[in-house]
Structure formats: structure tokens, C-alpha cells
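A.B. asks: Handing you a structure now.
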Amino acid sequence: MSRPPAPIDDARIRRYLLLLLPEPEAEALEEAYVVDPEMLDRVRDVEHDLLDDYVAGRLGEGDRAHFERRYLTAPRLQERVALARALRAAAGPGAGARAALRQRAAWRGPAALAAAVVLGVVGVSVWKWRDTTPEALATPPATTVAQAEPSPPSKAVDGAPGPRPAAAPLVVALSPTLLRGAEGRRDLSIPAGTAAVVLELEGDPGSLVGASRLQATLATVEGALVWVGPAEPAGRRGRPALLASVSVPAVTMAPGDYLVSLADPDAPDEPLQRYFLRVSGRPRHEK
Amino acid sequence: MSSRRGPGGGLTAEAFACLLARLAPDAERAGAAYEELRRALVHFFTWRGTEAPDECADDALDRLAARLHEGVAVDDVPRYTHGIARLVLLEYWRRPESKRAAAEDLDGRRAAVEPPHDDALHDCLGRCLGELPSDGRGLILSYYVSEGRTRIEGRRRLARELGLTESALRNRAQRLRDRLEACIGSCLGARTAPLSAGKR
């Protein structure tokens, strides 16, 4: 076959996907991606971006019309659109995901899905009972716990009582990383007598740039807001990945899946980090 | 490896073995090459708008295997496969039901496929993500989290975090998305089969 090789750029691939490429060029591109898996990957990549642009409303009028004519009339392609839409909603704290969430009831649907989904991936990267001896409290992480212990003004939703004076806080380090948490993931079991669960929120310190104060929100993955309170920014002593600590009354954390968000109180709808937490044990307190 | 299920059902084990032998000298690499070729064909038939891209792809591969088994001289198997795929496509378009659909498409009379219900979609997405390996779930959500101008930088950063090249990351993300698509397709299909059965 002696066809002069036409340069294949992303724009050309987009036109192919929208059925706008002249047939000889389309045929050449098809041969290229059947022969070369890397070319197929490239076409798929362009298609994913096209799908994502469509569900994000970023396509121009003309492209959108072509796209809908192509992708909304074939079942297999329609499924790709549906998946793009669902992934956009589930993918997390991007602006697009938030916009999608706002279109539905706050913290419901996709957010719950995202949380449920990611629970299998992220969450508790480390958890441990912290020794409450003075020596232990004097170490940097424990100091953070000790400072968080008095539980600054916070709001328990649904009338949950505030924390009782506690003997031993349960300290849990949460990582927002979707990629490293799986190995260390363990469900959190809250033993009887626990007054507070100190969440040590880890992540990229760069994500907090510009945030002078921090607030943490705990919600169930079904969308029910459970608790809101200030988060204490961490110093950089020894644990550069530790962003903040927050002490949550254990009584508010019934068994279930939770979504924890860290945000600037001035922009609570723009989470800087999100974490997922599964509580498998019911806290018990004296009445 | 996908099961062989060409519509004619005439593919023999010998022909299939012949195809694998032409794709690579050892079974493992031949299997991978076969899946790669099939994947390309499924996309080809999908992008060309056929309603049963998997069947068309299997049909093309069956014919390819048969030709090779018959002793047809083929220098470049993937390129030859593309030729067969085009033939299968032409035959597909000649089918009466395909002509009707195409005509409706051109006239703009063909109704858009009804999008899957949100709840069903989200249920299926949750289930299908659950079937991915845990690192895969994280990867695909991370890969598609950024958009616009941050997309490139976000993916670059993700590749660095994972210790992958950008190309390898893209490759993994795409295969995961392929798996998700296939899973969600069957999941939604299983949910809607009783309803759509009466429409066809």
C-alpha cells in the first residue's frame, strides 16, 4: 500500500472520531492504529479527552453537534459518554466534579459513589493507638494530638453530643493519596471509651498554599453531614506530609463510610483535600 | 484470552493456532498480541458505528485465521487484518438493518440512545470499579480528575508519583478505562435487557 504518510496530530484524530476526516485519511489512520498499539493508545487518549470535554461542556457548538450525532446514537459510544460523565463525577475534588455534584443534592450521588469507590483504594494508611504517656505526648505527632484534644468549638450535626473528657484519643493518619493507601488500608474500629478520634490529615503541603485557616468536615458517603470543626494546621516538624489534625468526637462516628474534607473556612465548598474513612466498630460511652 | 465466537463458528483449533503462531513465537506473547489486535479491531468497528463491534472483530479474526491456515502468504499480519476488517465492515453496511440505521442517521431521524439512568450507571460504576485491582481504581480516578490546562500537568505529576513514564501511565489508564467500559456495558445491559428486548 503506497499512501503518502499524512501527519497525524490530535486535531486530525478528533476529526476522525467525529467522522469529519475524509475517507482516505480515515483509512490511513485506521491502518496505523490497527498496526501500531501505541497509535491506538493515542487515538483512545484523544477520544477520552473528547469525551471529557463533552461532558464538561467544553466543546464548541459545531463539535458538540457532530459529537452528539456520532456518540449519542450508537449504544457502545453512548456507554463511553456515560462512563465519562460518571468518572467526572466520581473522580474527586476537581472543579468539574464539584460542579457535577452541585447539580444534584449536595454530597449525594456521585460524591457518595466517589467515596464508596475510593474507600477500596485509599483511606487509613496508618492507624494506631497512641501511647498517652508524657513521653509519647511530647513527640511531634503526639503533641499535635495533645493540642487537638480539648476540641475547639465545633458543631455536631444531628444533635450528637460533644466529646467527653477522654483518657485516650484514637489517632488515625489519613492519606489522600489514591495510590499508596491500598497496602495499609485498615478499617477503623473505635473501642469503647474512646472520646475523640484524632485524624491526622496528610497530603501535599502545596495544596494548602493561600489557606490561612482550615476546617474539616465529616460526612457520611450517603451525604449526611456529621460534623464540622476547625482543623489545626500542622507544623513541619518531622512529618512534612502532615497537613493538619482534627479531633472528632467519637460518638459522632457510627459504623459506616465517611468522607472527610479539609477546606479553607472561607471556601468550604472548595475542598483542598479529601479523605475516606471506614468505621467498623461502634463507639460506646457512658450515658 | 477472549473466547473464539465467530458468527460462522467455523474456526478450527488448527487455524487459531496458526494465527497465534504468526503473531509471536511463544504462547504468552502470541496471546498478548492477539488481544492487542482484537482490541484495535473492536475500536475500529466501534468508531465506525457498528452495533456489534465485538462480533465484527471476532469475524475479522476468524477470517484472518482461516486465510493463514489456508496458506495465504501474508507479510504483515496486522496490516492484512485491517484489510479484512474493512471487508467485514463493508459487508456489515450492506446488511438491510445497517442500511436502515444509516439512512435514519443521515436524515437525523434516528433518536439518540436513551442514556442510562443515573442510579443504574452509578451502581454499575461502583461495581465495576470494585472489580478493578485496588491500585487500578485509584489510578483511573486520579488520571481523570484534572481537566483543562491542569490535565497535562496533573498526569505528569501522577506519572512521577507512580514512577511511570507518561506513556506507560496513559497506557494503564486506557486499559483500565477499557475494562470499565466493558464491565459497565455488560452491567447496564444486564439491567436493561428485559426492557430493551421488546424494543428490538
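Chain identifiers are assigned as A, B, and so on, following the order in which chains appear in the C-alpha cells; residues are numbered from 1 within each chain, and ligands are numbered from 1 in order of appearance.
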From the DSSP assignment of the backbone, select every residue of stretch 120-151 of chain B that is helix (DSSP H, G or I), and format the answer as a list in words.

C.D. replies: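 Here is the list: Ala120, Leu121, His122, Asp123, Cys124, Leu125, Gly126, Arg127, Cys128, Leu129, Gly130, Glu131, Ser134, Asp135, Gly136, Arg137, Gly138, Leu139, Ile140, Leu141, Ser142, Tyr143, Thr150 and Arg151 of chain B.
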
A.B. asks: Can you write out the residues you just picked, keeping C-alpha atoms, as a short mmCIF file (atom, residue, chain, number, x, y, z; two decimals), in the first residue's frame?

C.D. replies:
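Below is the file again.cif, written as the result:
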```
data_model
loop_
_atom_site.label_atom_id
_atom_site.label_comp_id
_atom_site.auth_asym_id
_atom_site.auth_seq_id
_atom_site.Cartn_x
_atom_site.Cartn_y
_atom_site.Cartn_z
CA ALA B 120 -28.02 2.33 37.34
CA LEU B 121 -24.91 3.93 35.95
CA HIS B 122 -23.53 4.79 39.33
CA ASP B 123 -24.35 1.36 40.68
CA CYS B 124 -22.60 -0.22 37.75
CA LEU B 125 -19.63 2.11 38.02
CA GLY B 126 -19.26 1.30 41.68
CA ARG B 127 -19.49 -2.41 40.99
CA CYS B 128 -17.11 -2.30 38.05
CA LEU B 129 -14.57 -0.16 39.85
CA GLY B 130 -14.77 -2.72 42.61
CA GLU B 131 -13.70 -5.36 40.16
CA SER B 134 -7.22 -1.53 44.12
CA ASP B 135 -4.33 0.40 42.62
CA GLY B 136 -6.24 0.48 39.35
CA ARG B 137 -9.23 2.12 40.98
CA GLY B 138 -7.06 4.82 42.39
CA LEU B 139 -5.21 5.28 39.17
CA ILE B 140 -8.22 5.75 36.97
CA LEU B 141 -9.88 8.21 39.31
CA SER B 142 -6.66 10.15 39.66
CA TYR B 143 -5.96 10.08 35.97
CA THR B 150 -4.18 21.28 34.54
CA ARG B 151 -4.76 17.98 32.79
#
```

A.B. asks: With a distance cut-off of 6 Å and only C-alpha atoms, select the neighbouring residues of stretch 55-72 of chain B, excluding the residue or stretch itself and same-chain residues fewer than 4 positions from it, and output the selection as a PDB file with N, CA and C atoms, in the first residue's frame.

C.D. replies:
```pdb
ATOM      1  N   GLY B   6     -16.718 -16.606  16.616  1.00  0.00           N
ATOM      2  CA  GLY B   6     -17.082 -16.036  15.327  1.00  0.00           C
ATOM      3  C   GLY B   6     -18.473 -16.465  14.928  1.00  0.00           C
ATOM      4  N   LEU B  11     -14.272 -21.633  12.878  1.00  0.00           N
ATOM      5  CA  LEU B  11     -12.846 -21.554  13.146  1.00  0.00           C
ATOM      6  C   LEU B  11     -12.371 -22.833  13.831  1.00  0.00           C
ATOM      7  N   ALA B  15      -6.575 -23.607  12.878  1.00  0.00           N
ATOM      8  CA  ALA B  15      -6.488 -22.271  12.279  1.00  0.00           C
ATOM      9  C   ALA B  15      -6.143 -21.236  13.336  1.00  0.00           C
ATOM     10  N   PHE B  16      -6.746 -21.390  14.491  1.00  0.00           N
ATOM     11  CA  PHE B  16      -6.470 -20.442  15.566  1.00  0.00           C
ATOM     12  C   PHE B  16      -5.012 -20.550  16.013  1.00  0.00           C
ATOM     13  N   CYS B  18      -2.618 -21.491  14.208  1.00  0.00           N
ATOM     14  CA  CYS B  18      -1.821 -20.944  13.112  1.00  0.00           C
ATOM     15  C   CYS B  18      -1.719 -19.419  13.240  1.00  0.00           C
ATOM     16  N   LEU B  19      -2.849 -18.814  13.580  1.00  0.00           N
ATOM     17  CA  LEU B  19      -2.863 -17.358  13.772  1.00  0.00           C
ATOM     18  C   LEU B  19      -1.930 -16.962  14.918  1.00  0.00           C
ATOM     19  N   LEU B  41      -9.358  -3.899  16.699  1.00  0.00           N
ATOM     20  CA  LEU B  41     -10.496  -4.144  15.805  1.00  0.00           C
ATOM     21  C   LEU B  41     -11.820  -3.740  16.454  1.00  0.00           C
ATOM     22  N   VAL B  42     -11.939  -4.025  17.722  1.00  0.00           N
ATOM     23  CA  VAL B  42     -13.183  -3.638  18.411  1.00  0.00           C
ATOM     24  C   VAL B  42     -13.339  -2.116  18.355  1.00  0.00           C
ATOM     25  N   ILE B  84      -8.964  -7.020   6.059  1.00  0.00           N
ATOM     26  CA  ILE B  84     -10.099  -7.902   6.316  1.00  0.00           C
ATOM     27  C   ILE B  84     -11.192  -7.160   7.090  1.00  0.00           C
ATOM     28  N   ALA B  85     -10.750  -6.351   8.031  1.00  0.00           N
ATOM     29  CA  ALA B  85     -11.726  -5.609   8.836  1.00  0.00           C
ATOM     30  C   ALA B  85     -12.554  -4.676   7.960  1.00  0.00           C
TER      31      ALA B  85
END
```

A.B. asks: Could you tell me how far atom CA of A:Ser212 sits from atom CA of A:Leu259, in Å to one decimal place?

C.D. replies: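 Between atom CA of A:Leu259 and atom CA of A:Ser212 the gap works out to 22.5 Å.
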
A.B. asks: Skipping near chain neighbours, those fewer than 2 positions away, what residues fall within 10 Å of stretch 185-188 of chain B using only C-alpha atoms, listed as number ranges by chain?

C.D. replies: A: 75-76, 78-80, 82-83; B: 116-117, 120-121, 123-125, 127-128, 179-183, 190-193

A.B. asks: Dump N, CA and C atoms for the selected residues as a JSON list (two decimals), in the first residue's frame?

C.D. replies:
```
[["chain", "number", "residue", "atom", "x", "y", "z"],
["A", 75, "PRO", "N", -25.07, 2.65, 20.69],
["A", 75, "PRO", "CA", -25.07, 2.19, 22.09],
["A", 75, "PRO", "C", -23.67, 2.12, 22.71],
["A", 76, "ARG", "N", -22.72, 1.57, 21.96],
["A", 76, "ARG", "CA", -21.39, 1.41, 22.54],
["A", 76, "ARG", "C", -20.74, 2.77, 22.83],
["A", 78, "GLN", "N", -22.41, 5.54, 23.29],
["A", 78, "GLN", "CA", -23.20, 6.17, 24.35],
["A", 78, "GLN", "C", -22.70, 5.71, 25.72],
["A", 79, "GLU", "N", -22.30, 4.46, 25.79],
["A", 79, "GLU", "CA", -21.77, 3.97, 27.07],
["A", 79, "GLU", "C", -20.48, 4.70, 27.43],
["A", 80, "ARG", "N", -19.72, 5.03, 26.42],
["A", 80, "ARG", "CA", -18.49, 5.78, 26.71],
["A", 80, "ARG", "C", -18.80, 7.17, 27.24],
["A", 82, "ALA", "N", -21.48, 7.91, 28.90],
["A", 82, "ALA", "CA", -21.99, 7.71, 30.26],
["A", 82, "ALA", "C", -20.85, 7.47, 31.24],
["A", 83, "LEU", "N", -19.88, 6.69, 30.80],
["A", 83, "LEU", "CA", -18.75, 6.43, 31.68],
["A", 83, "LEU", "C", -17.96, 7.71, 31.93],
["B", 116, "PRO", "N", -28.22, 5.86, 30.02],
["B", 116, "PRO", "CA", -28.56, 5.03, 31.16],
["B", 116, "PRO", "C", -28.98, 5.88, 32.35],
["B", 117, "HIS", "N", -29.87, 5.34, 33.12],
["B", 117, "HIS", "CA", -30.33, 6.05, 34.30],
["B", 117, "HIS", "C", -29.16, 6.25, 35.26],
["B", 120, "ALA", "N", -28.55, 3.57, 37.91],
["B", 120, "ALA", "CA", -28.02, 2.33, 37.34],
["B", 120, "ALA", "C", -26.56, 2.53, 36.96],
["B", 121, "LEU", "N", -26.29, 3.66, 36.37],
["B", 121, "LEU", "CA", -24.91, 3.93, 35.95],
["B", 121, "LEU", "C", -23.98, 3.96, 37.15],
["B", 123, "ASP", "N", -24.46, 2.70, 40.09],
["B", 123, "ASP", "CA", -24.35, 1.36, 40.68],
["B", 123, "ASP", "C", -23.34, 0.53, 39.90],
["B", 124, "CYS", "N", -23.49, 0.59, 38.59],
["B", 124, "CYS", "CA", -22.60, -0.22, 37.75],
["B", 124, "CYS", "C", -21.16, 0.28, 37.86],
["B", 125, "LEU", "N", -20.99, 1.59, 37.89],
["B", 125, "LEU", "CA", -19.63, 2.11, 38.02],
["B", 125, "LEU", "C", -19.00, 1.65, 39.33],
["B", 127, "ARG", "N", -19.76, -0.97, 41.05],
["B", 127, "ARG", "CA", -19.49, -2.41, 40.99],
["B", 127, "ARG", "C", -18.27, -2.70, 40.13],
["B", 128, "CYS", "N", -18.21, -2.02, 38.98],
["B", 128, "CYS", "CA", -17.11, -2.30, 38.05],
["B", 128, "CYS", "C", -15.78, -1.77, 38.57],
["B", 179, "ARG", "N", -11.52, -1.67, 30.41],
["B", 179, "ARG", "CA", -12.14, -2.70, 31.26],
["B", 179, "ARG", "C", -13.41, -2.17, 31.89],
["B", 180, "LEU", "N", -13.33, -0.92, 32.33],
["B", 180, "LEU", "CA", -14.52, -0.32, 32.94],
["B", 180, "LEU", "C", -15.65, -0.23, 31.93],
["B", 181, "GLU", "N", -15.31, 0.20, 30.75],
["B", 181, "GLU", "CA", -16.34, 0.34, 29.72],
["B", 181, "GLU", "C", -17.01, -1.00, 29.44],
["B", 182, "ALA", "N", -16.18, -2.01, 29.30],
["B", 182, "ALA", "CA", -16.73, -3.34, 29.00],
["B", 182, "ALA", "C", -17.61, -3.82, 30.15],
["B", 183, "CYS", "N", -17.12, -3.62, 31.35],
["B", 183, "CYS", "CA", -17.87, -4.07, 32.53],
["B", 183, "CYS", "C", -19.17, -3.29, 32.66],
["B", 190, "ALA", "N", -27.24, -5.92, 31.35],
["B", 190, "ALA", "CA", -27.95, -6.91, 32.15],
["B", 190, "ALA", "C", -29.16, -6.29, 32.83],
["B", 191, "ARG", "N", -29.01, -5.02, 33.20],
["B", 191, "ARG", "CA", -30.12, -4.35, 33.88],
["B", 191, "ARG", "C", -31.25, -4.00, 32.92],
["B", 192, "THR", "N", -30.87, -3.63, 31.69],
["B", 192, "THR", "CA", -31.91, -3.13, 30.78],
["B", 192, "THR", "C", -32.38, -4.19, 29.79],
["B", 193, "ALA", "N", -31.73, -5.36, 29.80],
["B", 193, "ALA", "CA", -32.07, -6.38, 28.80],
["B", 193, "ALA", "C", -33.56, -6.68, 28.72]]
```

A.B. asks: Counting only C-alpha atoms, which of B:Leu158, B:Val88, B:Arg170, B:Tyr144 gets nearest to A:Ala89?

C.D. replies: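 Looking only at the distances to A:Ala89, the closest residue turns out to be B:Tyr144.
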
A.B. asks: Nearest to chain A among B:Asp178, B:Ala73, B:Arg95, B:Leu20, with distances taken over only C-alpha atoms: which residue is it?

C.D. replies: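 Result for the nearest residue to chain A: B:Asp178.
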
A.B. asks: Have a look at atom CA of B:Pro96 and atom CA of B:Thr50 and let me know their distance in Å, one decimal.

C.D. replies: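 These two atoms are separated by 13.1 Å.
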
A.B. asks: Between B:Arg94, B:Pro78, B:Ser167, B:Pro25, which one has atoms that come closest to chain A, using only C-alpha atoms?

C.D. replies: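 When distances to chain A are compared using only C-alpha atoms, the smallest one comes from B:Pro78.
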